[in-house]
Amino acid sequence: MKIAGVKGMNDVLPGEVARWQEMEQVAREVFALYGYREVRTPAVEHAQLFARGVGEATDIVNKEMYVFEDKGEELLALRPEGTAGTVRAFIEHGAFVEGPQKWFYLGPMFRRERPQKGRYRQFHQIGCEAFGIAEPGIDAEQIALLADYLGRLGVTAELKLNSVGDQACRPAYLAELKAYLTARKAQLCPDCNDRIERNPLRVLDCKVESCQPVLDGAPRLLDRLCDGCRTHLDQVKGALDALGVAYRIEPRLVRGLDYYVRTAYEFTSDALGAQSAVAGGGRYDGLVETLGGPPTPGIGFALGEERLALILEKLGRAPPERRPAVFLVSADAAGAAEALRRAAELRRAGIACELDARGGKLKAQFKQAERVGARWAVVLGGAEVESGQAKLKDLRSREETPVALADLATRVRG
Ligand code: HAM
C-alpha cells in the first residue's frame, strides 16, 4: 500500500535543499553580526502556552492549532509559532537575570490552515526575539537586520509599518471600532461579522472586496495613539530613516497574534501572490509577564522559509549543489578494491569523490560519473594498481592526462 505525505506538509528534496541551506546559512551569518544567539526549543508545548501567549481569540489558536491529549494526561500542541515557546524558555531558565538578550531560532511550525501556494500546514520559520529593551532603537535595528538579510539574498520586499497601540490607547479605540463595525454589520462578510465581537482588530485585515468600503472608512488607531505610542512610532520612523530603510505606514496593518503592542510590521513581496507576507513581527511588551516572568519588554519577527524559497525560485537564484571532484571507475576486481581504498584516502583529504559500488561496464560507470556531475574520472584496474600510474580524464574537455596515483589528491583538489 502506498502511503502519501500529509496534506499541506512538504518534502524538501535533495535538489532543492541547497537553497534552504543558503537561506539558513546567511541568516546565521547576518544574525551573528547583530548579536543574536541561537536557541532551540521543542516543537511540542503545553496547549495552554499558546492559548495564553498567542491569544484564545486568534484563528491560530482557535481554529488552526494541532492539539492532542498525551495519553489522557495533558493537553499538548504542535507549536504554531516560535515566540511563545521562546518566551517560555527565557522565563523557565531565568535568562532575564542576565539583562537584555537577543535570540534566534529556526524550525518547523504547524497550523491547520487551508493549504495553498505559500500556505502550508507544516512550514518553517526563521525568527528573532530581543528581550529587555523597551526603547525604539531596537525596533529599528531589528527591522534593519531583516532588511539586511533579505538584501543579501537579493530579495526586494516592501516594509509595511504600523502601531497597534497599547493598553493606554487601544481599549477606547476598540470600543469605537466595534461600534462602527456593528452599525455596518449588514455590509460585512460572515467572517467579519464573526470577528466583530471576538477580535475586532482583525476585521481590518479582511480581503473580501465588498467589505473594503466599510473598512476604508473605519476609525484609525493611528490617529488615536496615546502620547507614548505616538512618540515610540515617530522614533522608530526616525531611526529607520537614519538607517536608510524604506517603509510604508499601513494604518490597517494588524497581526494575527494578540500579543502585539506598538510596533507591528510585515515585509511583503509581489512575487508571492495572495500570501504576500514573507516575514512579520512586532513588539510584545506584556508577553513575558503574561507567561509568568518578570515585566520584560520584547520585540521579534519570524520569516517563512517556504515563502522566501518561492521568491528565490522566481528570481531564478539557485546556489550550486556540491559535486564530487572525482569519480573512480573500476575496470576489474583489483581496480574495484583499489577504488575503495583511494576513495577513503581522498575523503580523508577532504576531497569529495564517488564510485559506482555496483561495478558493471566502464561505459555505465562513466555515465554515472556524468550524472553525479563529477569533474574528473580515473579508471583503475590491475595494470594501474601495479604501475601506480593511471589516466585522469577531465570530464568537461574530455582530455586525458597521466597521473601517478600517489598525486591524485593534489591533482583533483580545488
Ligand atoms: P506570523 O505572521 O504568524 O508571525 O508568521 C510569520 C511568517 O511565517 C509569515 O510572514 C509567513 O511568511 C510565515 N507563515 C505563517 N503561516 C504560514 C503558513 N501556514 N505557511 C507558510 N508560511 C507561513 C509569527 O508567527 C510571530 N511569532 C512572529 C513574531 C516573532 N512576532 C514576534 N516575534
# chains A, B, ... in the order shown; residues from 1 in each chain; ligands from 1

$ residues_near_ligand --ligand "ligand 1" --cutoff "9 Å" --atoms "only C-alpha atoms and all ligand atoms" --output "number ranges by chain"
A: 8, 54, 60, 80-84, 109-130, 255-257, 259-260, 264, 266-268, 275-284, 298-308

$ residues_around --residues "Thr401 (chain A)" --least-positions-apart "6" --cutoff "12 Å" --atoms "only C-alpha atoms" --output "VMD selection string"
chain A and resid 376 to 379 389 to 395 408 411

$ residues_around --residues "Arg322 (chain A)" --least-positions-apart "4" --cutoff "10 Å" --atoms "only C-alpha atoms" --output "compact mmCIF listing (two decimals) with all heavy atoms, in the first residue's frame"
# COMPACT_ATOMS: atom_id res chain seq x y z
N ALA A 18 19.83 22.90 -1.30
CA ALA A 18 20.93 23.88 -1.29
C ALA A 18 20.37 25.27 -1.03
O ALA A 18 20.98 26.08 -0.33
CB ALA A 18 21.69 23.85 -2.62
N ALA A 352 35.76 15.45 -2.21
CA ALA A 352 34.53 14.69 -2.45
C ALA A 352 34.74 13.78 -3.64
O ALA A 352 35.15 14.22 -4.71
CB ALA A 352 33.38 15.65 -2.72
N VAL A 372 26.32 12.35 -11.76
CA VAL A 372 26.54 12.99 -10.46
C VAL A 372 27.35 14.28 -10.59
O VAL A 372 27.59 14.97 -9.62
CB VAL A 372 27.21 12.04 -9.42
CG1 VAL A 372 26.33 10.83 -9.16
CG2 VAL A 372 28.61 11.62 -9.88
N GLY A 373 27.77 14.58 -11.83
CA GLY A 373 28.43 15.87 -12.08
C GLY A 373 29.88 15.92 -11.64
O GLY A 373 30.38 16.99 -11.29
N ALA A 374 30.57 14.77 -11.68
CA ALA A 374 31.98 14.77 -11.26
C ALA A 374 32.83 15.58 -12.25
O ALA A 374 32.51 15.67 -13.44
CB ALA A 374 32.51 13.34 -11.18

$ select_by_dssp --residues "region 6-202 of chain A" --states "strand (DSSP E or B)" --output "PyMOL selection string"
chain A and resi 9+37-38+44-46+67-70+74-78+101-110+116+119+122-131+158-163

$ residues_around --residues "region 46-50 of chain A" --least-positions-apart "4" --cutoff "7 Å" --atoms "only C-alpha atoms" --output "list of chain:residue names"
A:Val54, A:Gly55, A:Val61, A:Val67, A:Leu75, A:Leu76, A:Ala77, A:Ala84

$ write_last_selection --atoms "N, CA and C atoms" --output "PDB file, in the first residue's frame"
ATOM      1  N   VAL A  54      -0.417  33.433  22.574  1.00  0.00           N
ATOM      2  CA  VAL A  54      -0.817  33.944  21.258  1.00  0.00           C
ATOM      3  C   VAL A  54      -2.220  34.543  21.330  1.00  0.00           C
ATOM      4  N   GLY A  55      -3.080  33.952  22.182  1.00  0.00           N
ATOM      5  CA  GLY A  55      -4.426  34.505  22.369  1.00  0.00           C
ATOM      6  C   GLY A  55      -5.517  33.532  21.976  1.00  0.00           C
ATOM      7  N   VAL A  61      -4.965  29.938  17.332  1.00  0.00           N
ATOM      8  CA  VAL A  61      -5.233  29.076  18.482  1.00  0.00           C
ATOM      9  C   VAL A  61      -6.624  28.444  18.380  1.00  0.00           C
ATOM     10  N   VAL A  67      -3.855  20.078  18.380  1.00  0.00           N
ATOM     11  CA  VAL A  67      -3.843  19.815  19.825  1.00  0.00           C
ATOM     12  C   VAL A  67      -4.118  18.338  20.038  1.00  0.00           C
ATOM     13  N   LEU A  75      -2.856  18.225  27.854  1.00  0.00           N
ATOM     14  CA  LEU A  75      -3.168  18.728  26.523  1.00  0.00           C
ATOM     15  C   LEU A  75      -1.927  19.399  25.941  1.00  0.00           C
ATOM     16  N   LEU A  76      -1.419  18.811  24.860  1.00  0.00           N
ATOM     17  CA  LEU A  76      -0.221  19.356  24.231  1.00  0.00           C
ATOM     18  C   LEU A  76      -0.569  19.904  22.845  1.00  0.00           C
ATOM     19  N   ALA A  77       0.311  20.711  22.306  1.00  0.00           N
ATOM     20  CA  ALA A  77       0.071  21.260  20.968  1.00  0.00           C
ATOM     21  C   ALA A  77       1.367  21.294  20.177  1.00  0.00           C
ATOM     22  N   ALA A  84       6.040  32.122  21.575  1.00  0.00           N
ATOM     23  CA  ALA A  84       5.566  31.682  22.898  1.00  0.00           C
ATOM     24  C   ALA A  84       6.553  30.697  23.536  1.00  0.00           C
TER      25      ALA A  84
END

$ residues_around --residues "Glu370 (chain A)" --least-positions-apart "2" --cutoff "12 Å" --atoms "only C-alpha atoms" --output "list in words"
Arg323, Pro324, Ala325, Val326, Phe327, Leu328, Val329, Glu354, Leu355, Asp356, Lys363, Ala364, Gln365, Phe366, Lys367, Gln368, Val372, Gly373, Ala374, Arg375, Trp376, Ala377, Lys393, Asp394, Leu395, Arg396 and Arg398 of chain A

$ write_last_selection --atoms "N, CA, C and O atoms" --output "CSV table (one decimal), in the first residue's frame"
chain,number,residue,atom,x,y,z
A,323,ARG,N,29.3,19.1,-6.0
A,323,ARG,CA,29.5,17.9,-6.9
A,323,ARG,C,30.8,17.2,-6.5
A,323,ARG,O,31.7,17.9,-6.0
A,324,PRO,N,30.9,15.9,-6.7
A,324,PRO,CA,32.2,15.3,-6.4
A,324,PRO,C,33.3,15.8,-7.4
A,324,PRO,O,33.0,16.1,-8.5
A,325,ALA,N,34.5,15.9,-6.8
A,325,ALA,CA,35.6,16.3,-7.6
A,325,ALA,C,36.0,15.2,-8.6
A,325,ALA,O,36.3,15.4,-9.8
A,326,VAL,N,36.0,14.0,-8.1
A,326,VAL,CA,36.5,12.9,-8.9
A,326,VAL,C,35.6,11.6,-8.7
A,326,VAL,O,35.0,11.3,-7.7
A,327,PHE,N,35.5,10.9,-9.8
A,327,PHE,CA,34.8,9.6,-9.8
A,327,PHE,C,35.8,8.5,-10.2
A,327,PHE,O,36.5,8.6,-11.2
A,328,LEU,N,35.8,7.5,-9.3
A,328,LEU,CA,36.7,6.4,-9.5
A,328,LEU,C,36.0,5.3,-10.2
A,328,LEU,O,35.1,4.7,-9.7
A,329,VAL,N,36.5,5.0,-11.4
A,329,VAL,CA,35.9,3.9,-12.3
A,329,VAL,C,36.7,2.7,-12.1
A,329,VAL,O,37.9,2.7,-12.2
A,354,GLU,N,33.3,9.9,-5.6
A,354,GLU,CA,32.4,8.8,-5.7
A,354,GLU,C,32.9,7.7,-6.5
A,354,GLU,O,33.8,7.8,-7.3
A,355,LEU,N,32.2,6.5,-6.3
A,355,LEU,CA,32.5,5.4,-7.2
A,355,LEU,C,31.2,4.7,-7.3
A,355,LEU,O,30.2,4.9,-6.5
A,356,ASP,N,31.1,3.8,-8.3
A,356,ASP,CA,29.8,3.1,-8.5
A,356,ASP,C,30.0,1.7,-7.9
A,356,ASP,O,30.6,0.8,-8.4
A,363,LYS,N,31.4,1.8,-19.5
A,363,LYS,CA,30.5,2.9,-20.1
A,363,LYS,C,29.4,3.3,-19.1
A,363,LYS,O,29.2,4.5,-18.9
A,364,ALA,N,28.9,2.3,-18.4
A,364,ALA,CA,27.8,2.6,-17.4
A,364,ALA,C,28.4,3.4,-16.3
A,364,ALA,O,27.7,4.3,-15.8
A,365,GLN,N,29.6,3.1,-15.9
A,365,GLN,CA,30.2,3.8,-14.7
A,365,GLN,C,30.5,5.3,-15.2
A,365,GLN,O,30.3,6.2,-14.4
A,366,PHE,N,31.0,5.5,-16.4
A,366,PHE,CA,31.2,6.8,-16.9
A,366,PHE,C,29.9,7.6,-16.9
A,366,PHE,O,29.9,8.8,-16.6
A,367,LYS,N,28.9,6.9,-17.3
A,367,LYS,CA,27.6,7.6,-17.4
A,367,LYS,C,27.2,8.1,-16.0
A,367,LYS,O,26.7,9.2,-15.8
A,368,GLN,N,27.4,7.2,-15.0
A,368,GLN,CA,27.1,7.6,-13.6
A,368,GLN,C,27.9,8.8,-13.2
A,368,GLN,O,27.5,9.7,-12.5
A,372,VAL,N,26.3,12.4,-11.8
A,372,VAL,CA,26.5,13.0,-10.5
A,372,VAL,C,27.4,14.3,-10.6
A,372,VAL,O,27.6,15.0,-9.6
A,373,GLY,N,27.8,14.6,-11.8
A,373,GLY,CA,28.4,15.9,-12.1
A,373,GLY,C,29.9,15.9,-11.6
A,373,GLY,O,30.4,17.0,-11.3
A,374,ALA,N,30.6,14.8,-11.7
A,374,ALA,CA,32.0,14.8,-11.3
A,374,ALA,C,32.8,15.6,-12.3
A,374,ALA,O,32.5,15.7,-13.4
A,375,ARG,N,33.9,16.2,-11.7
A,375,ARG,CA,34.8,17.0,-12.6
A,375,ARG,C,35.8,16.1,-13.3
A,375,ARG,O,36.1,16.4,-14.4
A,376,TRP,N,36.3,15.1,-12.6
A,376,TRP,CA,37.3,14.2,-13.1
A,376,TRP,C,36.9,12.8,-13.0
A,376,TRP,O,36.1,12.4,-12.1
A,377,ALA,N,37.5,11.9,-13.9
A,377,ALA,CA,37.3,10.5,-13.7
A,377,ALA,C,38.7,9.8,-13.8
A,377,ALA,O,39.5,10.2,-14.6
A,393,LYS,N,40.9,11.7,-16.5
A,393,LYS,CA,40.1,12.3,-17.5
A,393,LYS,C,39.3,13.5,-17.1
A,393,LYS,O,38.6,13.4,-16.1
A,394,ASP,N,39.5,14.6,-17.8
A,394,ASP,CA,38.7,15.8,-17.5
A,394,ASP,C,37.4,15.7,-18.1
A,394,ASP,O,37.3,15.6,-19.4
A,395,LEU,N,36.3,15.6,-17.3
A,395,LEU,CA,35.0,15.3,-17.9
A,395,LEU,C,34.4,16.5,-18.6
A,395,LEU,O,33.4,16.3,-19.3
A,396,ARG,N,35.0,17.6,-18.5
A,396,ARG,CA,34.5,18.7,-19.3
A,396,ARG,C,35.1,18.8,-20.7
A,396,ARG,O,34.4,18.8,-21.7
A,398,ARG,N,37.1,16.4,-21.9
A,398,ARG,CA,37.3,15.0,-22.4
A,398,ARG,C,38.8,14.7,-22.6
A,398,ARG,O,39.2,13.6,-23.1

$ residues_around --residues "Glu176 (chain A)" --least-positions-apart "4" --cutoff "8 Å" --atoms "only C-alpha atoms" --output "number ranges by chain"
A: 172, 180, 219

$ atom_distance --atom1 "CA of Gln235 (chain A)" --atom2 "CA of Gly137 (chain A)"
7.7 Å
